[in-house]
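Heads up, entry.txt below (compact mmCIF, C-alpha atoms and all ligand atoms):
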```
# COMPACT_ATOMS: atom_id res chain seq x y z
CA MET A 140 28.06 14.08 -3.69
CA ASN A 141 25.57 15.37 -1.17
CA LYS A 142 24.84 13.40 1.94
CA LYS A 143 21.28 12.05 2.02
CA ILE A 144 19.14 14.46 4.01
CA VAL A 145 15.48 13.57 4.36
CA PHE A 146 12.80 16.04 5.46
CA SER A 147 9.09 15.45 5.78
CA GLY A 148 6.21 17.12 7.55
CA ILE A 149 2.80 16.14 8.78
CA GLN A 150 -0.07 18.39 9.79
CA PRO A 151 -1.54 18.04 13.28
CA SER A 152 -5.11 18.09 12.02
CA GLY A 153 -7.60 15.25 11.91
CA ASP A 154 -7.07 11.69 13.07
CA LEU A 155 -4.17 9.76 11.56
CA HIS A 156 -5.30 6.57 9.85
CA ILE A 157 -3.67 3.35 8.71
CA GLY A 158 -3.19 4.95 5.24
CA ASN A 159 -0.99 7.64 6.75
CA TYR A 160 0.88 4.97 8.67
CA ILE A 161 1.45 2.59 5.73
CA GLY A 162 2.02 5.28 3.10
CA ALA A 163 4.08 7.73 5.10
CA VAL A 164 5.03 7.43 8.75
CA ARG A 165 6.18 3.82 8.74
CA GLN A 166 8.34 4.44 5.70
CA TRP A 167 9.95 7.41 7.43
CA ALA A 168 10.84 5.18 10.36
CA ALA A 169 12.18 2.48 8.04
CA GLY A 170 14.57 4.91 6.34
CA GLN A 171 16.13 6.45 9.39
CA ASN A 172 19.28 4.33 9.58
CA ASP A 173 20.70 6.09 6.60
CA GLY A 174 21.67 9.81 6.31
CA LEU A 175 20.08 12.62 8.29
CA ASN A 176 16.32 12.32 8.79
CA ILE A 177 14.17 15.23 9.91
CA PHE A 178 10.47 15.02 10.73
CA CYS A 179 8.35 18.01 11.56
CA VAL A 180 4.84 18.42 12.96
CA VAL A 181 3.72 21.38 10.88
CA ASP A 182 1.34 23.28 13.13
CA MET A 183 1.95 26.53 11.23
CA HIS A 184 0.69 24.88 8.07
CA ALA A 185 -2.37 23.60 9.94
CA ILE A 186 -3.61 27.12 10.76
CA THR A 187 -3.94 27.98 7.06
CA VAL A 188 -7.49 26.68 7.55
CA PRO A 189 -9.52 27.32 10.74
CA GLN A 190 -8.47 25.29 13.80
CA ASP A 191 -9.81 25.11 17.31
CA PRO A 192 -6.83 26.14 19.50
CA LYS A 193 -7.33 23.46 22.17
CA THR A 194 -7.70 20.72 19.58
CA LEU A 195 -4.65 21.92 17.65
CA ALA A 196 -2.50 21.80 20.79
CA GLN A 197 -3.80 18.36 21.69
CA LYS A 198 -3.31 17.01 18.14
CA THR A 199 0.24 18.35 18.02
CA ARG A 200 1.11 16.26 21.07
CA GLU A 201 -0.88 13.29 19.79
CA ILE A 202 0.88 13.22 16.41
CA THR A 203 4.28 13.55 18.04
CA ALA A 204 3.47 10.52 20.22
CA ILE A 205 2.16 8.62 17.16
CA LEU A 206 5.43 9.28 15.33
CA LEU A 207 7.39 7.96 18.30
CA ALA A 208 5.11 4.92 18.60
CA SER A 209 5.62 4.28 14.86
CA GLY A 210 9.32 3.88 15.46
CA ILE A 211 10.76 7.34 14.83
CA ASP A 212 13.80 7.19 17.07
CA THR A 213 15.13 10.52 18.32
CA GLU A 214 18.58 8.98 18.74
CA LYS A 215 18.66 8.64 14.95
CA SER A 216 16.24 11.28 13.65
CA LEU A 217 15.27 14.82 14.41
CA LEU A 218 11.65 15.32 15.49
CA PHE A 219 10.23 18.74 16.28
CA VAL A 220 7.26 21.08 16.03
CA GLN A 221 7.45 23.71 13.29
CA SER A 222 6.39 26.70 15.44
CA HIS A 223 9.18 25.86 17.92
CA ASN A 224 11.78 26.91 15.38
CA PRO A 225 11.23 30.52 14.19
CA ASP A 226 13.59 30.06 11.23
CA HIS A 227 10.81 28.38 9.25
CA ALA A 228 8.57 31.44 9.24
CA ASN A 229 11.54 33.75 8.74
CA LEU A 230 12.90 32.00 5.67
CA GLY A 231 9.33 31.57 4.41
CA TRP A 232 8.97 35.35 4.42
CA VAL A 233 12.16 35.83 2.41
CA LEU A 234 11.14 33.13 -0.10
CA ASN A 235 7.80 34.89 -0.64
CA ASN A 236 9.71 37.50 -2.53
CA TYR A 237 11.15 35.04 -5.02
CA LEU A 238 7.84 33.37 -5.86
CA SER A 239 5.20 34.91 -8.07
CA MET A 240 1.45 35.08 -7.53
CA GLY A 241 1.09 33.19 -10.80
CA GLN A 242 3.25 30.30 -9.55
CA LEU A 243 1.24 29.94 -6.35
CA ASN A 244 -2.01 30.29 -8.24
CA ARG A 245 -1.21 27.13 -10.18
CA MET A 246 -1.04 24.93 -7.06
CA THR A 247 -3.80 22.34 -7.19
CA GLN A 248 -4.00 21.94 -3.41
CA TYR A 249 -4.77 25.66 -3.12
CA LYS A 250 -7.42 25.42 -5.81
CA GLU A 251 -9.05 22.43 -4.13
CA LYS A 252 -8.93 23.77 -0.60
CA SER A 253 -10.14 27.25 -1.50
CA GLU A 254 -12.96 26.21 -3.79
CA GLY A 255 -16.36 27.33 -2.61
CA LYS A 256 -14.98 28.84 0.64
CA GLU A 257 -16.25 32.21 1.73
CA PHE A 258 -13.02 33.07 3.56
CA VAL A 259 -9.74 32.03 1.98
CA SER A 260 -6.69 33.08 4.01
CA VAL A 261 -3.49 34.51 2.53
CA GLY A 262 -1.78 31.76 4.53
CA LEU A 263 -3.54 29.07 2.51
CA PHE A 264 -2.37 30.70 -0.71
CA ASP A 265 1.16 31.07 0.63
CA TYR A 266 1.32 27.55 2.13
CA PRO A 267 3.93 26.33 -0.43
CA ALA A 268 6.37 29.13 0.44
CA LEU A 269 6.45 27.95 4.05
CA MET A 270 6.79 24.36 2.89
CA ALA A 271 9.71 25.35 0.64
CA SER A 272 11.30 26.99 3.66
CA ASP A 273 10.88 23.80 5.74
CA ILE A 274 12.67 21.83 3.06
CA LEU A 275 15.39 24.29 2.02
CA LEU A 276 16.56 25.22 5.52
CA TYR A 277 18.20 21.82 5.99
CA ASP A 278 19.88 21.18 2.60
CA THR A 279 17.30 18.46 2.11
CA THR A 280 17.96 16.04 -0.74
CA GLU A 281 14.83 13.86 -0.41
CA VAL A 282 11.27 14.66 0.55
CA PRO A 283 9.10 11.57 1.12
CA VAL A 284 5.53 12.68 0.44
CA GLY A 285 2.34 11.51 -1.19
CA ASP A 286 1.63 12.16 -4.81
CA ASP A 287 -0.48 15.20 -3.94
CA GLN A 288 2.56 17.05 -2.55
CA LYS A 289 4.82 16.57 -5.55
CA GLN A 290 3.87 19.91 -7.02
CA HIS A 291 4.86 21.70 -3.80
CA VAL A 292 8.27 20.05 -3.79
CA GLU A 293 8.74 21.14 -7.43
CA LEU A 294 7.95 24.67 -6.35
CA ALA A 295 10.58 24.42 -3.61
CA ARG A 296 13.10 23.44 -6.30
CA ASP A 297 12.02 26.35 -8.48
CA VAL A 298 12.42 28.93 -5.75
CA ALA A 299 15.77 27.42 -4.75
CA GLU A 300 16.97 27.66 -8.35
CA ARG A 301 15.82 31.24 -8.67
CA PHE A 302 17.55 32.23 -5.43
CA ASN A 303 20.74 30.36 -6.33
CA SER A 304 20.96 31.95 -9.75
CA LYS A 305 20.54 35.42 -8.27
CA TYR A 306 22.82 35.09 -5.23
CA GLY A 307 25.03 32.10 -5.94
CA GLU A 308 24.84 28.54 -4.61
CA THR A 309 22.76 28.67 -1.42
CA PHE A 310 20.14 25.95 -1.47
CA VAL A 311 20.32 22.26 -2.34
CA LEU A 312 17.66 21.25 -4.88
CA PRO A 313 15.35 18.69 -3.22
CA GLU A 314 13.57 15.80 -4.86
CA SER A 315 10.27 14.28 -3.86
CA LYS A 316 10.16 10.60 -3.10
CA ILE A 317 6.81 8.95 -3.64
CA PRO A 318 6.41 5.49 -2.09
CA LYS A 319 5.93 2.73 -4.64
CA VAL A 320 4.00 0.35 -2.42
CA GLY A 321 1.31 1.33 0.02
CA GLY A 322 1.32 4.80 -1.49
CA ARG A 323 -2.42 4.79 -1.64
CA VAL A 324 -4.53 2.90 0.84
CA MET A 325 -8.11 3.27 -0.35
CA SER A 326 -11.34 4.07 1.46
CA LEU A 327 -13.18 1.06 2.88
CA CYS A 328 -16.47 2.52 1.67
CA ASP A 329 -15.31 3.51 -1.80
CA PRO A 330 -12.13 1.73 -2.90
CA THR A 331 -11.72 4.10 -5.85
CA LYS A 332 -11.03 7.01 -3.43
CA LYS A 333 -8.06 7.21 -1.08
CA MET A 334 -8.49 6.72 2.63
CA SER A 335 -8.60 10.26 3.94
CA LYS A 336 -8.71 12.12 7.26
CA SER A 337 -11.18 14.61 5.86
CA ASP A 338 -13.66 12.05 4.49
CA PRO A 339 -17.03 12.90 6.08
CA ASN A 340 -17.91 9.18 6.16
CA PRO A 341 -16.14 7.77 9.26
CA ASN A 342 -16.40 4.19 7.99
CA GLY A 343 -13.96 4.76 5.14
CA ALA A 344 -10.87 5.10 7.34
CA ILE A 345 -9.39 3.25 10.30
CA GLY A 346 -7.82 5.58 12.85
CA LEU A 347 -4.58 4.57 14.51
CA LEU A 348 -6.09 5.37 17.89
CA GLU A 349 -9.51 3.93 17.15
CA ASP A 350 -11.11 1.20 19.23
CA PRO A 351 -9.85 -2.09 17.69
CA LYS A 352 -13.33 -3.61 17.91
CA SER A 353 -14.84 -0.78 15.89
CA ALA A 354 -12.05 -1.17 13.34
CA ARG A 355 -12.99 -4.83 13.06
CA LYS A 356 -16.57 -3.91 12.23
CA LYS A 357 -15.42 -1.49 9.55
CA ILE A 358 -13.34 -4.19 7.86
CA MET A 359 -16.20 -6.69 8.04
CA SER A 360 -18.52 -4.20 6.35
CA ALA A 361 -15.96 -2.89 3.84
CA VAL A 362 -17.18 -2.65 0.26
CA THR A 363 -16.07 -5.65 -1.80
CA ASP A 364 -16.48 -6.50 -5.44
CA SER A 365 -18.68 -8.87 -7.38
CA GLY A 366 -17.45 -12.42 -7.83
CA SER A 367 -15.84 -14.51 -5.13
CA GLU A 368 -12.16 -14.75 -6.00
CA VAL A 369 -9.69 -13.28 -3.53
CA LYS A 370 -6.98 -11.93 -5.80
CA MET A 371 -5.04 -8.76 -6.51
CA ASP A 372 -6.69 -6.94 -9.42
CA TRP A 373 -6.93 -3.18 -8.91
CA VAL A 374 -8.99 -2.65 -12.04
CA ASN A 375 -11.73 -5.21 -11.55
CA LYS A 376 -11.45 -5.85 -7.83
CA PRO A 377 -10.40 -2.62 -6.11
CA GLY A 378 -12.15 -3.49 -2.82
CA ILE A 379 -10.52 -6.91 -2.46
CA SER A 380 -7.15 -5.56 -3.68
CA ASN A 381 -7.25 -2.83 -1.06
CA LEU A 382 -7.97 -5.33 1.72
CA LEU A 383 -5.19 -7.63 0.41
CA GLU A 384 -2.81 -4.65 0.50
CA ILE A 385 -3.83 -3.73 4.06
CA TYR A 386 -3.43 -7.37 5.10
CA SER A 387 0.07 -7.73 3.69
CA GLN A 388 1.28 -4.29 4.78
CA LEU A 389 0.18 -4.77 8.39
CA SER A 390 1.07 -8.43 8.80
CA GLY A 391 4.21 -8.57 6.66
CA LYS A 392 2.93 -11.65 4.83
CA GLU A 393 0.77 -12.54 1.84
CA TYR A 394 -2.77 -13.86 2.29
CA VAL A 395 -2.87 -17.54 1.43
CA GLY A 396 -6.46 -18.47 2.32
CA GLY A 397 -9.17 -19.58 -0.06
CA ASN A 398 -11.76 -17.78 -2.13
CA ASN A 399 -14.32 -16.98 0.51
CA TYR A 400 -14.98 -13.29 1.12
CA GLY A 401 -16.29 -13.83 4.66
CA GLU A 402 -13.23 -15.82 5.73
CA PHE A 403 -10.90 -13.39 4.00
CA LYS A 404 -12.45 -10.36 5.72
CA THR A 405 -12.19 -12.11 9.08
CA ALA A 406 -8.49 -12.69 8.43
CA VAL A 407 -8.00 -8.99 7.52
CA ALA A 408 -10.00 -7.90 10.58
CA ASP A 409 -7.78 -10.11 12.81
CA VAL A 410 -4.64 -8.52 11.37
CA VAL A 411 -5.98 -4.97 11.74
CA GLU A 412 -7.23 -5.58 15.27
CA LYS A 413 -3.91 -7.04 16.39
CA PHE A 414 -2.00 -4.24 14.72
CA LEU A 415 -4.08 -1.59 16.51
CA ILE A 416 -3.78 -3.28 19.90
CA ASP A 417 0.03 -3.43 19.57
CA PHE A 418 0.27 0.09 18.17
CA GLN A 419 -1.89 1.61 20.90
CA LYS A 420 0.14 -0.17 23.56
CA LYS A 421 3.27 1.54 22.22
CA TYR A 422 1.42 4.86 21.96
CA ASN A 423 0.33 4.66 25.60
CA GLU A 424 3.85 3.76 26.67
CA VAL A 425 5.12 6.90 24.95
CA LEU A 426 2.53 9.04 26.74
CA GLN A 427 3.20 7.40 30.10
CA SER A 428 6.95 7.78 29.77
CA GLY A 429 6.42 11.54 30.25
CA LYS A 430 9.18 12.20 27.73
CA LEU A 431 7.17 14.10 25.15
CA ASP A 432 8.06 17.59 26.39
CA GLU A 433 11.70 16.69 26.64
CA VAL A 434 11.71 15.24 23.11
CA LEU A 435 10.11 18.40 21.73
CA LYS A 436 12.45 20.73 23.60
CA GLU A 437 15.48 18.86 22.35
CA GLY A 438 14.06 18.70 18.81
CA ALA A 439 13.54 22.47 18.76
CA GLN A 440 17.10 23.14 19.88
CA LYS A 441 18.69 20.67 17.48
CA SER A 442 16.67 21.83 14.49
CA TYR A 443 17.52 25.47 15.21
CA ALA A 444 21.22 24.63 15.43
CA LEU A 445 20.98 23.18 11.91
CA SER A 446 18.70 25.76 10.31
CA HIS A 447 20.04 28.99 11.73
CA PRO A 448 23.36 29.13 9.85
CA LYS A 449 21.37 28.70 6.61
CA LEU A 450 18.99 31.50 7.55
CA LEU A 451 21.91 33.80 8.36
CA GLU A 452 23.56 32.97 5.04
CA VAL A 453 20.33 33.95 3.26
CA TYR A 454 19.94 37.12 5.32
CA LYS A 455 23.47 38.16 4.46
CA LYS A 456 22.96 37.48 0.76
CA VAL A 457 19.81 39.57 0.53
CA GLY A 458 21.46 42.44 2.41
CA PHE A 459 20.13 42.16 5.95
CA LEU A 460 22.57 43.22 8.69
CA VAL A 461 23.69 40.04 10.43
P1 LIG B 501 -6.59 14.72 3.74
O1 LIG B 501 -7.11 13.57 2.95
O2 LIG B 501 -7.55 15.26 4.70
O3 LIG B 501 -5.88 15.75 2.92
P2 LIG B 501 -4.61 12.89 4.41
O4 LIG B 501 -5.23 11.75 5.12
O5 LIG B 501 -4.32 12.79 2.95
O6 LIG B 501 -5.48 14.14 4.68
P3 LIG B 501 -2.10 14.25 4.90
O7 LIG B 501 -1.84 14.99 6.15
O8 LIG B 501 -2.36 15.04 3.66
O9 LIG B 501 -3.28 13.22 5.16
O10 LIG B 501 -0.93 13.24 4.60
C1 LIG B 501 0.06 12.83 5.49
C2 LIG B 501 0.88 11.78 4.78
O11 LIG B 501 0.13 10.56 4.65
C3 LIG B 501 1.28 12.18 3.36
O12 LIG B 501 2.62 11.79 3.10
C4 LIG B 501 0.31 11.40 2.50
O13 LIG B 501 0.81 11.13 1.22
C5 LIG B 501 0.12 10.13 3.30
N1 LIG B 501 -1.22 9.57 3.03
C6 LIG B 501 -2.39 10.18 3.21
N2 LIG B 501 -3.42 9.40 2.87
C7 LIG B 501 -2.89 8.23 2.44
C8 LIG B 501 -3.44 7.01 1.93
N3 LIG B 501 -4.74 6.83 1.81
N4 LIG B 501 -2.58 6.03 1.58
C9 LIG B 501 -1.26 6.18 1.71
N5 LIG B 501 -0.67 7.31 2.18
C10 LIG B 501 -1.46 8.33 2.53
N1 LIG B 502 2.10 19.78 2.90
C1 LIG B 502 2.40 18.50 3.52
C2 LIG B 502 3.00 18.69 4.91
C3 LIG B 502 4.30 19.41 4.86
C4 LIG B 502 5.52 18.90 4.35
C5 LIG B 502 6.50 19.94 4.54
C6 LIG B 502 5.87 17.69 3.74
C7 LIG B 502 4.57 20.67 5.32
N2 LIG B 502 5.89 20.99 5.14
C8 LIG B 502 7.80 19.76 4.12
C9 LIG B 502 7.20 17.54 3.32
C10 LIG B 502 8.14 18.56 3.51
C11 LIG B 502 1.11 17.68 3.60
O1 LIG B 502 0.05 18.24 3.72
N3 LIG B 502 1.23 16.37 3.60
```
When written as structure tokens, how does the structure in this file appear?
Ligand code: ATP
Ligand code: LTN
Amino acid sequence: MNKKIVFSGIQPSGDLHIGNYIGAVRQWAAGQNDGLNIFCVVDMHAITVPQDPKTLAQKTREITAILLASGIDTEKSLLFVQSHNPDHANLGWVLNNYLSMGQLNRMTQYKEKSEGKEFVSVGLFDYPALMASDILLYDTTEVPVGDDQKQHVELARDVAERFNSKYGETFVLPESKIPKVGGRVMSLCDPTKKMSKSDPNPNGAIGLLEDPKSARKKIMSAVTDSGSEVKMDWVNKPGISNLLEIYSQLSGKEYVGGNNYGEFKTAVADVVEKFLIDFQKKYNEVLQSGKLDEVLKEGAQKSYALSHPKLLEVYKKVGFLV
């Protein structure tokens, strides 16, 4: 029986929103008392589409601090930046040779992100090989990700199986773990679409570092449904259901008020505002503690200590001199 080893990654691009927090980051923090938990800020994945260098560097620090403020505890979990551990790119290169163009061509994220673009990088096409490397380097058993990443985790399994059958048992086959609740927080402007960092309409998402007063306004003007009943009904009342979900996820309790949309929205706005004030206090404490560089340095060293024996095993198997 394999020990539970969890690996997940998050790109340092765009502003993290409460959807990312509820659907991903908070769940990572909640699971860290059990097994080995590894969280990676995947800056090398981020450059598969154009990035401004200064912004990328700043976002990498910002996301690291957000993860710490969300409760990722480096006494329990491993937290590091992908480019700080060269094994990721190195194994990614090897894995390239056990994946076919056809396999990568079937990836829906690639299709979506490349559509209509004048310049599509090889990196964007090859993104899943690097992601497979992230996962396979650590004998990962579970990969908590959103629904959209399931196909990439399947591909990591496929390449692991191909490698294992050619060279003997080398990689553990990972499984994706999709959250059952809070897996999809929806846009405040269109509750049939998920809340997204890349939504051009800024009113659809609430950023974790956004001014709490502006977040309040967004909740108050969120799209609701016809009728006046405040009840969970994703089919007929997606707007109200989304706000009920946000309310319960951020407050830890169910809404028990009456059927008045105005009152209900005020209650949700109160919860969101309080959540943001508390979260941002923790975020600022992390920044002021001056520990970020130390955390990242230690994360890089610890991750390398775990990944490097695996890389050497692979190198040896394919015939590199080690
Ligand atoms: P984009 O929409 O621009 O692709 P994103 O907001 O979906 O970005 P990602 O970086 O792709 O963010 O996702 C980071 C993590 O947050 C993933 O595990 C993803 O499943 C989760 N996540 C993203 N959006 C939501 C959402 N609306 N509700 C719940 N979880 C989400
Ligand atoms: N592709 C993922 C981020 C990611 C990841 C990983 C997730 C990169 N490497 C390894 C899990 C495991 C995304 O865009 N959410």
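Checking A:Ile317, A:Ile205, A:Val145, A:Cys328 one by one against A:Asn172, counting all atoms listed in the file, you find the shortest gap at A:Val145.
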Please write out the residues within 9 Å of ligand LIG 501 (chain B) as a PyMOL selection string, counting only C-alpha atoms and all ligand atoms. chain A and resi 147-164+283-288+317-318+320-326+332-338+344
Among the residues A:Ser260, A:Phe146, A:Met270, A:Leu243, the one that comes closest to A:Pro189 [using all atoms listed in the file]: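 Distance minimum relative to A:Pro189 lands on A:Ser260.
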Which of these, A:Val298, A:Met183, A:Leu327, A:Leu460, has the shortest distance to A:Leu263 once you count all atoms listed in the file?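 Among the listed residues, A:Met183 lies closest to A:Leu263.
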Hey, could you pull the box centre and edge lengths for ligand LIG 502 (chain B), axis-aligned, 8 Å padding per side, all listed atoms, to one decimal in Å, as JSON?
```
{"center_x": 4.1, "center_y": 18.7, "center_z": 4.1, "size_x": 24.1, "size_y": 20.6, "size_z": 18.4}
```
Model the absent atoms of stretch 241-252 of chain A so that N, CA and C atoms are present, and write the result as a compact mmCIF listing (two decimals), in the frame of the given file.
```txt
# COMPACT_ATOMS: atom_id res chain seq x y z
N GLY A 241 1.48 34.14 -9.76
CA GLY A 241 1.09 33.19 -10.80
C GLY A 241 1.51 31.77 -10.44
N GLN A 242 2.75 31.64 -9.92
CA GLN A 242 3.25 30.30 -9.55
C GLN A 242 2.35 29.69 -8.46
N LEU A 243 2.04 30.48 -7.45
CA LEU A 243 1.24 29.94 -6.35
C LEU A 243 -0.20 29.66 -6.80
N ASN A 244 -0.66 30.46 -7.71
CA ASN A 244 -2.01 30.29 -8.24
C ASN A 244 -2.20 28.97 -8.97
N ARG A 245 -1.10 28.39 -9.43
CA ARG A 245 -1.21 27.13 -10.18
C ARG A 245 -1.24 25.89 -9.27
N MET A 246 -1.10 26.09 -7.97
CA MET A 246 -1.04 24.93 -7.06
C MET A 246 -2.41 24.27 -6.91
N THR A 247 -2.47 22.99 -7.21
CA THR A 247 -3.80 22.34 -7.19
C THR A 247 -4.36 22.22 -5.77
N GLN A 248 -3.47 22.04 -4.78
CA GLN A 248 -4.00 21.94 -3.41
C GLN A 248 -4.72 23.23 -3.02
N TYR A 249 -4.14 24.37 -3.42
CA TYR A 249 -4.77 25.66 -3.12
C TYR A 249 -6.13 25.75 -3.80
N LYS A 250 -6.16 25.34 -5.06
CA LYS A 250 -7.42 25.42 -5.81
C LYS A 250 -8.49 24.56 -5.12
N GLU A 251 -8.08 23.34 -4.75
CA GLU A 251 -9.05 22.43 -4.13
C GLU A 251 -9.52 22.93 -2.78
N LYS A 252 -8.55 23.39 -1.96
CA LYS A 252 -8.93 23.77 -0.60
C LYS A 252 -9.65 25.11 -0.53
```
